[in-house]
$ cat target.pdb   # PDB, C-alpha atoms
ATOM      1  CA  MET A   1      -8.531  14.659  18.223  1.00  0.00           C
ATOM      2  CA  ALA A   2     -11.799  13.149  17.116  1.00  0.00           C
ATOM      3  CA  ALA A   3     -12.332   9.580  18.265  1.00  0.00           C
ATOM      4  CA  ILE A   4     -13.387   8.228  14.871  1.00  0.00           C
ATOM      5  CA  PHE A   5     -13.799   9.370  11.308  1.00  0.00           C
ATOM      6  CA  ALA A   6     -17.398   9.292  10.049  1.00  0.00           C
ATOM      7  CA  PHE A   7     -19.267  10.827   7.154  1.00  0.00           C
ATOM      8  CA  THR A   8     -22.508  10.653   5.218  1.00  0.00           C
ATOM      9  CA  CYS A   9     -21.584   9.567   1.708  1.00  0.00           C
ATOM     10  CA  THR A  10     -22.691  11.980  -1.006  1.00  0.00           C
ATOM     11  CA  CYS A  11     -22.808   9.068  -3.470  1.00  0.00           C
ATOM     12  CA  CYS A  12     -24.907   6.444  -1.649  1.00  0.00           C
ATOM     13  CA  GLY A  13     -26.310   8.397   1.324  1.00  0.00           C
ATOM     14  CA  GLU A  14     -24.963   5.825   3.813  1.00  0.00           C
ATOM     15  CA  VAL A  15     -23.120   6.804   6.975  1.00  0.00           C
ATOM     16  CA  HIS A  16     -19.603   5.349   6.921  1.00  0.00           C
ATOM     17  CA  GLU A  17     -17.822   5.129  10.277  1.00  0.00           C
ATOM     18  CA  GLY A  18     -14.176   4.478  10.968  1.00  0.00           C
ATOM     19  CA  SER A  19     -11.147   5.635   9.079  1.00  0.00           C
ATOM     20  CA  PRO A  20     -11.214   4.512   5.456  1.00  0.00           C
ATOM     21  CA  SER A  21      -9.269   1.407   4.578  1.00  0.00           C
ATOM     22  CA  PHE A  22      -8.840  -0.056   1.108  1.00  0.00           C
ATOM     23  CA  GLY A  23      -6.588  -2.841   0.005  1.00  0.00           C
ATOM     24  CA  PHE A  24      -5.312  -4.913  -2.864  1.00  0.00           C
ATOM     25  CA  ALA A  25      -5.493  -8.712  -2.921  1.00  0.00           C
ATOM     26  CA  ALA A  26      -2.272  -9.003  -4.924  1.00  0.00           C
ATOM     27  CA  PRO A  27       0.566  -6.930  -6.359  1.00  0.00           C
ATOM     28  CA  ALA A  28      -0.116  -5.507  -9.825  1.00  0.00           C
ATOM     29  CA  PRO A  29       2.427  -7.777 -11.579  1.00  0.00           C
ATOM     30  CA  TYR A  30       0.563 -10.838 -10.247  1.00  0.00           C
ATOM     31  CA  SER A  31      -2.822  -9.404 -11.264  1.00  0.00           C
ATOM     32  CA  ARG A  32      -1.541  -8.880 -14.824  1.00  0.00           C
ATOM     33  CA  LEU A  33      -0.726 -12.590 -15.195  1.00  0.00           C
ATOM     34  CA  THR A  34      -3.198 -14.912 -16.865  1.00  0.00           C
ATOM     35  CA  GLN A  35      -4.865 -17.508 -14.632  1.00  0.00           C
ATOM     36  CA  ALA A  36      -2.628 -20.171 -16.166  1.00  0.00           C
ATOM     37  CA  GLU A  37       0.484 -18.092 -15.411  1.00  0.00           C
ATOM     38  CA  GLN A  38      -0.707 -17.435 -11.874  1.00  0.00           C
ATOM     39  CA  ALA A  39      -1.052 -21.190 -11.340  1.00  0.00           C
ATOM     40  CA  SER A  40       2.251 -22.135 -12.967  1.00  0.00           C
ATOM     41  CA  ILE A  41       4.784 -19.393 -12.171  1.00  0.00           C
ATOM     42  CA  ALA A  42       3.449 -17.586  -9.109  1.00  0.00           C
ATOM     43  CA  GLU A  43       2.776 -18.188  -5.432  1.00  0.00           C
ATOM     44  CA  LEU A  44       0.424 -15.864  -3.573  1.00  0.00           C
ATOM     45  CA  SER A  45      -0.513 -15.970   0.111  1.00  0.00           C
ATOM     46  CA  ASP A  46      -2.197 -13.374   2.295  1.00  0.00           C
ATOM     47  CA  ASP A  47       1.168 -11.723   2.980  1.00  0.00           C
ATOM     48  CA  LEU A  48       3.700 -12.847   0.372  1.00  0.00           C
ATOM     49  CA  CYS A  49       3.982 -13.235  -3.381  1.00  0.00           C
ATOM     50  CA  VAL A  50       6.717 -14.708  -5.576  1.00  0.00           C
ATOM     51  CA  ILE A  51       6.626 -14.720  -9.378  1.00  0.00           C
ATOM     52  CA  GLN A  52       9.138 -16.868 -11.266  1.00  0.00           C
ATOM     53  CA  HIS A  53       9.744 -15.323 -14.692  1.00  0.00           C
ATOM     54  CA  PRO A  54      12.248 -16.815 -17.174  1.00  0.00           C
ATOM     55  CA  GLU A  55      14.501 -13.805 -16.502  1.00  0.00           C
ATOM     56  CA  GLY A  56      14.280 -14.107 -12.698  1.00  0.00           C
ATOM     57  CA  ARG A  57      12.084 -13.952  -9.622  1.00  0.00           C
ATOM     58  CA  GLN A  58      10.027 -11.057  -8.316  1.00  0.00           C
ATOM     59  CA  TYR A  59       9.296 -10.852  -4.586  1.00  0.00           C
ATOM     60  CA  PHE A  60       6.478  -8.917  -2.925  1.00  0.00           C
ATOM     61  CA  VAL A  61       5.344  -8.278   0.640  1.00  0.00           C
ATOM     62  CA  ARG A  62       1.922  -7.058   1.735  1.00  0.00           C
ATOM     63  CA  ALA A  63       2.132  -3.852   3.766  1.00  0.00           C
ATOM     64  CA  ILE A  64       0.207  -0.818   4.992  1.00  0.00           C
ATOM     65  CA  LEU A  65       0.540   2.725   3.678  1.00  0.00           C
ATOM     66  CA  GLU A  66      -0.860   5.209   6.181  1.00  0.00           C
ATOM     67  CA  VAL A  67      -2.116   8.693   5.315  1.00  0.00           C
ATOM     68  CA  PRO A  68      -2.780  10.790   8.437  1.00  0.00           C
ATOM     69  CA  ILE A  69      -6.135  12.570   8.650  1.00  0.00           C
ATOM     70  CA  HIS A  70      -5.931  15.919  10.460  1.00  0.00           C
ATOM     71  CA  GLY A  71      -8.018  15.871  13.651  1.00  0.00           C
ATOM     72  CA  VAL A  72      -8.675  12.108  13.552  1.00  0.00           C
ATOM     73  CA  ASP A  73      -6.969   9.420  15.638  1.00  0.00           C
ATOM     74  CA  GLU A  74      -6.759   6.728  12.962  1.00  0.00           C
ATOM     75  CA  PRO A  75      -5.163   7.252   9.531  1.00  0.00           C
ATOM     76  CA  PHE A  76      -6.553   6.500   6.082  1.00  0.00           C
ATOM     77  CA  LEU A  77      -5.118   3.063   5.277  1.00  0.00           C
ATOM     78  CA  TRP A  78      -4.081   1.558   1.986  1.00  0.00           C
ATOM     79  CA  GLY A  79      -3.303  -2.173   2.053  1.00  0.00           C
ATOM     80  CA  VAL A  80      -0.634  -2.360  -0.633  1.00  0.00           C
ATOM     81  CA  TRP A  81       2.106  -4.619  -1.914  1.00  0.00           C
ATOM     82  CA  VAL A  82       5.735  -3.611  -2.202  1.00  0.00           C
ATOM     83  CA  SER A  83       8.572  -5.275  -4.035  1.00  0.00           C
ATOM     84  CA  ALA A  84      11.546  -6.657  -2.157  1.00  0.00           C
ATOM     85  CA  SER A  85      14.967  -7.846  -3.197  1.00  0.00           C
ATOM     86  CA  ALA A  86      15.653 -11.555  -2.778  1.00  0.00           C
ATOM     87  CA  SER A  87      17.805 -10.935   0.316  1.00  0.00           C
ATOM     88  CA  SER A  88      15.250  -8.555   1.900  1.00  0.00           C
ATOM     89  CA  PHE A  89      12.432 -11.011   1.194  1.00  0.00           C
ATOM     90  CA  GLU A  90      14.359 -13.930   2.715  1.00  0.00           C
ATOM     91  CA  ARG A  91      15.302 -11.887   5.793  1.00  0.00           C
ATOM     92  CA  TYR A  92      11.676 -10.796   6.206  1.00  0.00           C
ATOM     93  CA  VAL A  93      10.373 -14.355   5.938  1.00  0.00           C
ATOM     94  CA  GLU A  94      13.064 -15.756   8.256  1.00  0.00           C
ATOM     95  CA  SER A  95      12.424 -13.126  10.937  1.00  0.00           C
ATOM     96  CA  TYR A  96       8.632 -13.159  10.575  1.00  0.00           C
ATOM     97  CA  GLU A  97       8.039 -14.806  13.975  1.00  0.00           C
ATOM     98  CA  HIS A  98      10.681 -12.674  15.719  1.00  0.00           C
ATOM     99  CA  ALA A  99      10.462  -9.370  13.898  1.00  0.00           C
ATOM    100  CA  VAL A 100      12.643  -6.498  15.032  1.00  0.00           C
ATOM    101  CA  GLN A 101      10.725  -3.223  15.276  1.00  0.00           C
ATOM    102  CA  GLY A 102      12.006  -0.728  12.723  1.00  0.00           C
ATOM    103  CA  ASP A 103      13.996  -3.252  10.695  1.00  0.00           C
ATOM    104  CA  GLY A 104      13.180  -2.762   7.065  1.00  0.00           C
ATOM    105  CA  PHE A 105      14.096  -2.675   3.443  1.00  0.00           C
ATOM    106  CA  PHE A 106      13.753  -0.653   0.259  1.00  0.00           C
ATOM    107  CA  GLY A 107      10.895  -1.498  -2.086  1.00  0.00           C
ATOM    108  CA  TRP A 108       8.727  -0.174  -4.873  1.00  0.00           C
ATOM    109  CA  LEU A 109       5.005   0.355  -4.407  1.00  0.00           C
ATOM    110  CA  SER A 110       3.504  -2.421  -6.538  1.00  0.00           C
ATOM    111  CA  ASN A 111      -0.126  -1.330  -6.877  1.00  0.00           C
ATOM    112  CA  HIS A 112      -1.819   1.418  -8.835  1.00  0.00           C
ATOM    113  CA  ILE A 113      -4.015   3.425  -6.457  1.00  0.00           C
ATOM    114  CA  GLY A 114      -6.633   4.849  -8.807  1.00  0.00           C
ATOM    115  CA  VAL A 115      -7.495   7.875  -6.660  1.00  0.00           C
ATOM    116  CA  TYR A 116      -3.811   8.832  -6.819  1.00  0.00           C
ATOM    117  CA  PRO A 117      -2.940   8.576 -10.515  1.00  0.00           C
ATOM    118  CA  TRP A 118       0.792   8.499 -11.114  1.00  0.00           C
ATOM    119  CA  GLU A 119       2.711   7.121 -14.064  1.00  0.00           C
ATOM    120  CA  GLN A 120       6.079   6.586 -12.375  1.00  0.00           C
ATOM    121  CA  SER A 121       7.183   3.937  -9.915  1.00  0.00           C
ATOM    122  CA  ARG A 122       7.056   5.032  -6.290  1.00  0.00           C
ATOM    123  CA  PRO A 123      10.135   4.177  -4.200  1.00  0.00           C
ATOM    124  CA  ALA A 124       9.586   3.468  -0.523  1.00  0.00           C
ATOM    125  CA  ASN A 125      11.091   2.290   2.706  1.00  0.00           C
ATOM    126  CA  VAL A 126       9.279  -0.628   4.297  1.00  0.00           C
ATOM    127  CA  TYR A 127       9.430  -0.821   8.101  1.00  0.00           C
ATOM    128  CA  ILE A 128       8.793  -4.047   9.993  1.00  0.00           C
ATOM    129  CA  GLN A 129       6.383  -3.977  12.949  1.00  0.00           C
ATOM    130  CA  ALA A 130       7.320  -6.129  15.940  1.00  0.00           C
ATOM    131  CA  ASP A 131       3.699  -6.450  17.049  1.00  0.00           C
ATOM    132  CA  GLY A 132       2.864  -8.830  14.210  1.00  0.00           C
ATOM    133  CA  THR A 133       1.017  -6.280  12.086  1.00  0.00           C
ATOM    134  CA  ARG A 134       1.934  -5.750   8.466  1.00  0.00           C
ATOM    135  CA  PRO A 135       4.964  -3.596   7.656  1.00  0.00           C
ATOM    136  CA  LEU A 136       4.534   0.145   7.167  1.00  0.00           C
ATOM    137  CA  VAL A 137       5.353   1.793   3.846  1.00  0.00           C
ATOM    138  CA  VAL A 138       6.867   5.270   3.813  1.00  0.00           C
ATOM    139  CA  LEU A 139       7.137   6.724   0.328  1.00  0.00           C
ATOM    140  CA  HIS A 140      10.298   8.613  -0.566  1.00  0.00           C
ATOM    141  CA  ARG A 141       9.665  12.309  -0.533  1.00  0.00           C
ATOM    142  CA  ASN A 142      12.827  13.324  -2.332  1.00  0.00           C
ATOM    143  CA  ALA A 143      12.238  11.148  -5.394  1.00  0.00           C
ATOM    144  CA  GLU A 144      12.209  12.939  -8.724  1.00  0.00           C
ATOM    145  CA  GLY A 145       8.805  14.538  -9.122  1.00  0.00           C
ATOM    146  CA  ALA A 146       7.641  13.396  -5.671  1.00  0.00           C
ATOM    147  CA  ASP A 147       6.661  16.938  -4.738  1.00  0.00           C
ATOM    148  CA  SER A 148       3.963  16.752  -7.403  1.00  0.00           C
ATOM    149  CA  ASP A 149       2.798  13.258  -6.383  1.00  0.00           C
ATOM    150  CA  ALA A 150      -0.350  13.779  -4.300  1.00  0.00           C
ATOM    151  CA  LEU A 151       0.036  10.435  -2.502  1.00  0.00           C
ATOM    152  CA  VAL A 152       3.571  11.273  -1.338  1.00  0.00           C
ATOM    153  CA  MET A 153       2.478  14.733  -0.214  1.00  0.00           C
ATOM    154  CA  ASP A 154      -0.639  13.405   1.541  1.00  0.00           C
ATOM    155  CA  GLN A 155       1.324  10.731   3.393  1.00  0.00           C
ATOM    156  CA  HIS A 156       3.929  13.177   4.649  1.00  0.00           C
ATOM    157  CA  GLU A 157       1.666  16.171   5.347  1.00  0.00           C
ATOM    158  CA  GLY A 158      -1.670  14.524   6.141  1.00  0.00           C
ATOM    159  CA  ILE A 159      -5.071  15.288   4.671  1.00  0.00           C
ATOM    160  CA  SER A 160      -8.175  17.138   5.759  1.00  0.00           C
ATOM    161  CA  ILE A 161     -11.339  15.354   6.786  1.00  0.00           C
ATOM    162  CA  ALA A 162     -13.016  16.668   3.623  1.00  0.00           C
ATOM    163  CA  ARG A 163     -10.231  15.221   1.440  1.00  0.00           C
ATOM    164  CA  ALA A 164     -10.430  11.888   3.289  1.00  0.00           C
ATOM    165  CA  GLN A 165     -14.162  11.782   2.578  1.00  0.00           C
ATOM    166  CA  ALA A 166     -13.665  12.655  -1.098  1.00  0.00           C
ATOM    167  CA  LEU A 167     -10.953   9.997  -1.515  1.00  0.00           C
ATOM    168  CA  ALA A 168     -13.066   7.371   0.267  1.00  0.00           C
ATOM    169  CA  GLU A 169     -16.097   8.164  -1.899  1.00  0.00           C
ATOM    170  CA  GLN A 170     -13.995   7.973  -5.047  1.00  0.00           C
ATOM    171  CA  ALA A 171     -12.428   4.673  -3.946  1.00  0.00           C
ATOM    172  CA  MET A 172     -15.832   3.164  -3.078  1.00  0.00           C
ATOM    173  CA  HIS A 173     -17.900   4.509  -5.935  1.00  0.00           C
ATOM    174  CA  GLY A 174     -15.482   5.555  -8.665  1.00  0.00           C
ATOM    175  CA  SER A 175     -15.021   9.015  -9.996  1.00  0.00           C
ATOM    176  CA  ARG A 176     -17.999  11.251 -10.425  1.00  0.00           C
ATOM    177  CA  GLY A 177     -18.592  13.687 -13.218  1.00  0.00           C
TER     178      GLY A 177
END
$ encode --input "target.pdb" --output "structure tokens"
Amino acid sequence: MAAIFAFTCTCCGEVHEGSPSFGFAAPAPYSRLTQAEQASIAELSDDLCVIQHPEGRQYFVRAILEVPIHGVDEPFLWGVWVSASASSFERYVESYEHAVQGDGFFGWLSNHIGVYPWEQSRPANVYIQADGTRPLVVLHRNAEGADSDALVMDQHEGISIARAQALAEQAMHGSRG
């Protein structure tokens, strides 16, 4: 395998080294709140988010979604947020200092990844990492329509170096054409 991913960007001409990594500062439901709502009904940290709506609470955990790149050691990384049930969220927070490798919970991907347009919610399993890194997200492959969801297919089958470059360029510079 190649040691690192590197490419000369066709958009800006710069050489970008290292596997691409893009992330979201907050889950989409938090980002859709007004600033006043964010201050009054939501709590956001680097790793956790809770939104208190009149009809109930929403819980979110920051995680990593990996997409393998064929022939490269490090995957393409998406820093995303996933929803969690109240009990899963509490268990995650309570075991944060003493995480059990492979422990996990069900969640929904809670960000819209523009280079992977998809109108439906994406179900996922979220796996805790005992080494203190953020949990890993594995999208459900057998979800209805998942076989036509490029993100699900890319995560499970991996992507070529050329596709990784194209996705990175699109994420950095927007779509061309």
$ closest_atom_pairs --input "target.pdb" --of "range 52-161 of chain A" --to "range 5-27 of chain A" --cutoff "8 Å" --atoms "all atoms listed in the file" --output "Markdown table"
| residue | atom | partner | partner_atom | distance |
| --- | --- | --- | --- | --- |
| A:Phe60 | CA | A:Pro27 | CA | 7.1 |
| A:Val72 | CA | A:Phe5 | CA | 6.2 |
| A:Glu74 | CA | A:Ser19 | CA | 6.0 |
| A:Pro75 | CA | A:Ser19 | CA | 6.2 |
| A:Phe76 | CA | A:Pro20 | CA | 5.1 |
| A:Leu77 | CA | A:Ser21 | CA | 4.5 |
| A:Trp78 | CA | A:Phe22 | CA | 5.1 |
| A:Gly79 | CA | A:Gly23 | CA | 3.9 |
| A:Val80 | CA | A:Phe24 | CA | 5.8 |
| A:Trp81 | CA | A:Pro27 | CA | 5.2 |
| A:Val82 | CA | A:Pro27 | CA | 7.4 |
| A:Ser110 | CA | A:Pro27 | CA | 5.4 |
| A:Asn111 | CA | A:Pro27 | CA | 5.7 |
| A:Ile161 | CA | A:Phe5 | CA | 7.9 |
$ residues_near_point --input "target.pdb" --point "(7.8, -13.8, 10.1)" --cutoff "12 Å" --atoms "only C-alpha atoms" --output "ChimeraX atom specification"
/A:47-48,61,89-100,128-135
$ residues_near_point --input "target.pdb" --point "(11.0, -14.7, -14.4)" --cutoff "12 Å" --atoms "all atoms listed in the file" --output "list in words"
Pro29, Tyr30, Leu33, Glu37, Ser40, Ile41, Ala42, Val50, Ile51, Gln52, His53, Pro54, Glu55, Gly56, Arg57, Gln58 and Tyr59 of chain A
$ atom_distance --input "target.pdb" --atom1 "CA of Ala84 in chain A" --atom2 "CA of Ala124 in chain A"
10.4 Å
$ resolve_selection --input "target.pdb" --expression "the PyMOL selection byres ((chain A and resi 102) around 6)" --output "PyMOL selection string"
chain A and resi 101+103+127-128
$ resolve_selection --input "target.pdb" --expression "the PyMOL selection byres ((chain A and resi 140) around 8)" --output "short mmCIF file (atom, residue, chain, number, x, y, z; two decimals) with C-alpha atoms, in the frame of the given file"
data_model
loop_
_atom_site.label_atom_id
_atom_site.label_comp_id
_atom_site.auth_asym_id
_atom_site.auth_seq_id
_atom_site.Cartn_x
_atom_site.Cartn_y
_atom_site.Cartn_z
CA ARG A 122 7.06 5.03 -6.29
CA PRO A 123 10.14 4.18 -4.20
CA ALA A 124 9.59 3.47 -0.52
CA ASN A 125 11.09 2.29 2.71
CA VAL A 138 6.87 5.27 3.81
CA LEU A 139 7.14 6.72 0.33
CA ARG A 141 9.66 12.31 -0.53
CA ASN A 142 12.83 13.32 -2.33
CA ALA A 143 12.24 11.15 -5.39
CA ALA A 146 7.64 13.40 -5.67
CA VAL A 152 3.57 11.27 -1.34
#
$ atom_distance --input "target.pdb" --atom1 "CA of Arg62 in chain A" --atom2 "CA of Cys49 in chain A"
8.3 Å
$ closest_residue --input "target.pdb" --among "A:Gln38, A:Val67, A:Leu109, A:Val115" --to "His173 in chain A" --atoms "all atoms listed in the file"
A:Val115
$ axis_aligned_box --input "target.pdb" --around "range 44-55 of chain A" --padding-each-side "3 Å" --output "JSON"
{"center_x": 6.2, "center_y": -14.3, "center_z": -7.1, "size_x": 22.7, "size_y": 11.1, "size_z": 26.2}
$ atom_distance --input "target.pdb" --atom1 "CA of Gly107 in chain A" --atom2 "CA of Gln170 in chain A"
26.8 Å
$ closest_residue --input "target.pdb" --among "A:Phe105, A:Ala166, A:Met153, A:Gly71" --to "Ile4 in chain A" --atoms "all atoms listed in the file"
A:Gly71
$ decode --input "target.pdb" --residues "range 39-50 of chain A" --atoms "all heavy atoms" --output "mmCIF file, in the first residue's frame"
data_model
loop_
_atom_site.group_PDB
_atom_site.id
_atom_site.type_symbol
_atom_site.label_atom_id
_atom_site.label_comp_id
_atom_site.auth_asym_id
_atom_site.auth_seq_id
_atom_site.Cartn_x
_atom_site.Cartn_y
_atom_site.Cartn_z
ATOM 1 N N ALA A 39 -28.757 29.026 21.910
ATOM 2 C CA ALA A 39 -28.391 29.463 23.259
ATOM 3 C C ALA A 39 -29.383 28.998 24.318
ATOM 4 O O ALA A 39 -29.001 28.733 25.455
ATOM 5 C CB ALA A 39 -28.267 30.985 23.288
ATOM 6 N N SER A 40 -30.650 28.860 23.943
ATOM 7 C CA SER A 40 -31.671 28.576 24.964
ATOM 8 C C SER A 40 -32.067 27.100 25.082
ATOM 9 O O SER A 40 -32.390 26.652 26.176
ATOM 10 C CB SER A 40 -32.925 29.410 24.708
ATOM 11 O OG SER A 40 -33.529 29.034 23.485
ATOM 12 N N ILE A 41 -32.029 26.349 23.989
ATOM 13 C CA ILE A 41 -32.526 24.966 24.070
ATOM 14 C C ILE A 41 -31.486 23.912 23.720
ATOM 15 O O ILE A 41 -31.796 22.720 23.708
ATOM 16 C CB ILE A 41 -33.778 24.756 23.181
ATOM 17 C CG1 ILE A 41 -33.432 24.869 21.691
ATOM 18 C CG2 ILE A 41 -34.897 25.704 23.578
ATOM 19 C CD1 ILE A 41 -34.542 24.387 20.765
ATOM 20 N N ALA A 42 -30.260 24.319 23.449
ATOM 21 C CA ALA A 42 -29.261 23.347 22.999
ATOM 22 C C ALA A 42 -27.952 23.489 23.767
ATOM 23 O O ALA A 42 -27.606 24.572 24.234
ATOM 24 C CB ALA A 42 -29.002 23.523 21.506
ATOM 25 N N GLU A 43 -27.266 22.356 23.876
ATOM 26 C CA GLU A 43 -25.911 22.318 24.430
ATOM 27 C C GLU A 43 -25.040 21.615 23.406
ATOM 28 O O GLU A 43 -25.371 20.521 22.958
ATOM 29 C CB GLU A 43 -25.885 21.535 25.738
ATOM 30 C CG GLU A 43 -26.663 22.174 26.861
ATOM 31 C CD GLU A 43 -26.628 21.295 28.111
ATOM 32 O OE1 GLU A 43 -25.565 20.704 28.399
ATOM 33 O OE2 GLU A 43 -27.673 21.197 28.761
ATOM 34 N N LEU A 44 -23.918 22.250 23.060
ATOM 35 C CA LEU A 44 -23.004 21.688 22.076
ATOM 36 C C LEU A 44 -21.588 21.750 22.624
ATOM 37 O O LEU A 44 -21.129 22.816 23.042
ATOM 38 C CB LEU A 44 -23.086 22.467 20.761
ATOM 39 C CG LEU A 44 -22.118 22.060 19.650
ATOM 40 C CD1 LEU A 44 -22.456 20.679 19.107
ATOM 41 C CD2 LEU A 44 -22.118 23.091 18.535
ATOM 42 N N SER A 45 -20.911 20.603 22.644
ATOM 43 C CA SER A 45 -19.488 20.557 22.980
ATOM 44 C C SER A 45 -18.755 19.997 21.765
ATOM 45 O O SER A 45 -19.361 19.771 20.718
ATOM 46 C CB SER A 45 -19.261 19.678 24.219
ATOM 47 O OG SER A 45 -19.461 18.308 23.901
ATOM 48 N N ASP A 46 -17.475 19.738 21.915
ATOM 49 C CA ASP A 46 -16.717 19.166 20.805
ATOM 50 C C ASP A 46 -17.193 17.768 20.432
ATOM 51 O O ASP A 46 -16.998 17.330 19.303
ATOM 52 C CB ASP A 46 -15.228 19.097 21.149
ATOM 53 C CG ASP A 46 -14.567 20.466 21.145
ATOM 54 O OD1 ASP A 46 -15.131 21.408 20.564
ATOM 55 O OD2 ASP A 46 -13.477 20.573 21.723
ATOM 56 N N ASP A 47 -17.817 17.057 21.384
ATOM 57 C CA ASP A 47 -18.163 15.658 21.151
ATOM 58 C C ASP A 47 -19.629 15.309 21.347
ATOM 59 O O ASP A 47 -20.052 14.230 20.946
ATOM 60 C CB ASP A 47 -17.336 14.761 22.075
ATOM 61 C CG ASP A 47 -15.861 14.836 21.759
ATOM 62 O OD1 ASP A 47 -15.490 14.504 20.618
ATOM 63 O OD2 ASP A 47 -15.076 15.229 22.642
ATOM 64 N N LEU A 48 -20.389 16.189 21.983
ATOM 65 C CA LEU A 48 -21.772 15.872 22.335
ATOM 66 C C LEU A 48 -22.693 17.046 22.023
ATOM 67 O O LEU A 48 -22.274 18.196 22.076
ATOM 68 C CB LEU A 48 -21.882 15.545 23.827
ATOM 69 C CG LEU A 48 -20.967 14.455 24.365
ATOM 70 C CD1 LEU A 48 -21.020 14.417 25.882
ATOM 71 C CD2 LEU A 48 -21.335 13.106 23.775
ATOM 72 N N CYS A 49 -23.954 16.720 21.759
ATOM 73 C CA CYS A 49 -24.956 17.750 21.529
ATOM 74 C C CYS A 49 -26.299 17.243 22.053
ATOM 75 O O CYS A 49 -26.661 16.087 21.821
ATOM 76 C CB CYS A 49 -25.064 18.075 20.039
ATOM 77 S SG CYS A 49 -26.284 19.359 19.653
ATOM 78 N N VAL A 50 -27.007 18.120 22.755
ATOM 79 C CA VAL A 50 -28.356 17.818 23.232
ATOM 80 C C VAL A 50 -29.237 19.011 22.868
ATOM 81 O O VAL A 50 -28.872 20.167 23.109
ATOM 82 C CB VAL A 50 -28.394 17.589 24.758
ATOM 83 C CG1 VAL A 50 -29.820 17.331 25.227
ATOM 84 C CG2 VAL A 50 -27.478 16.449 25.159
#
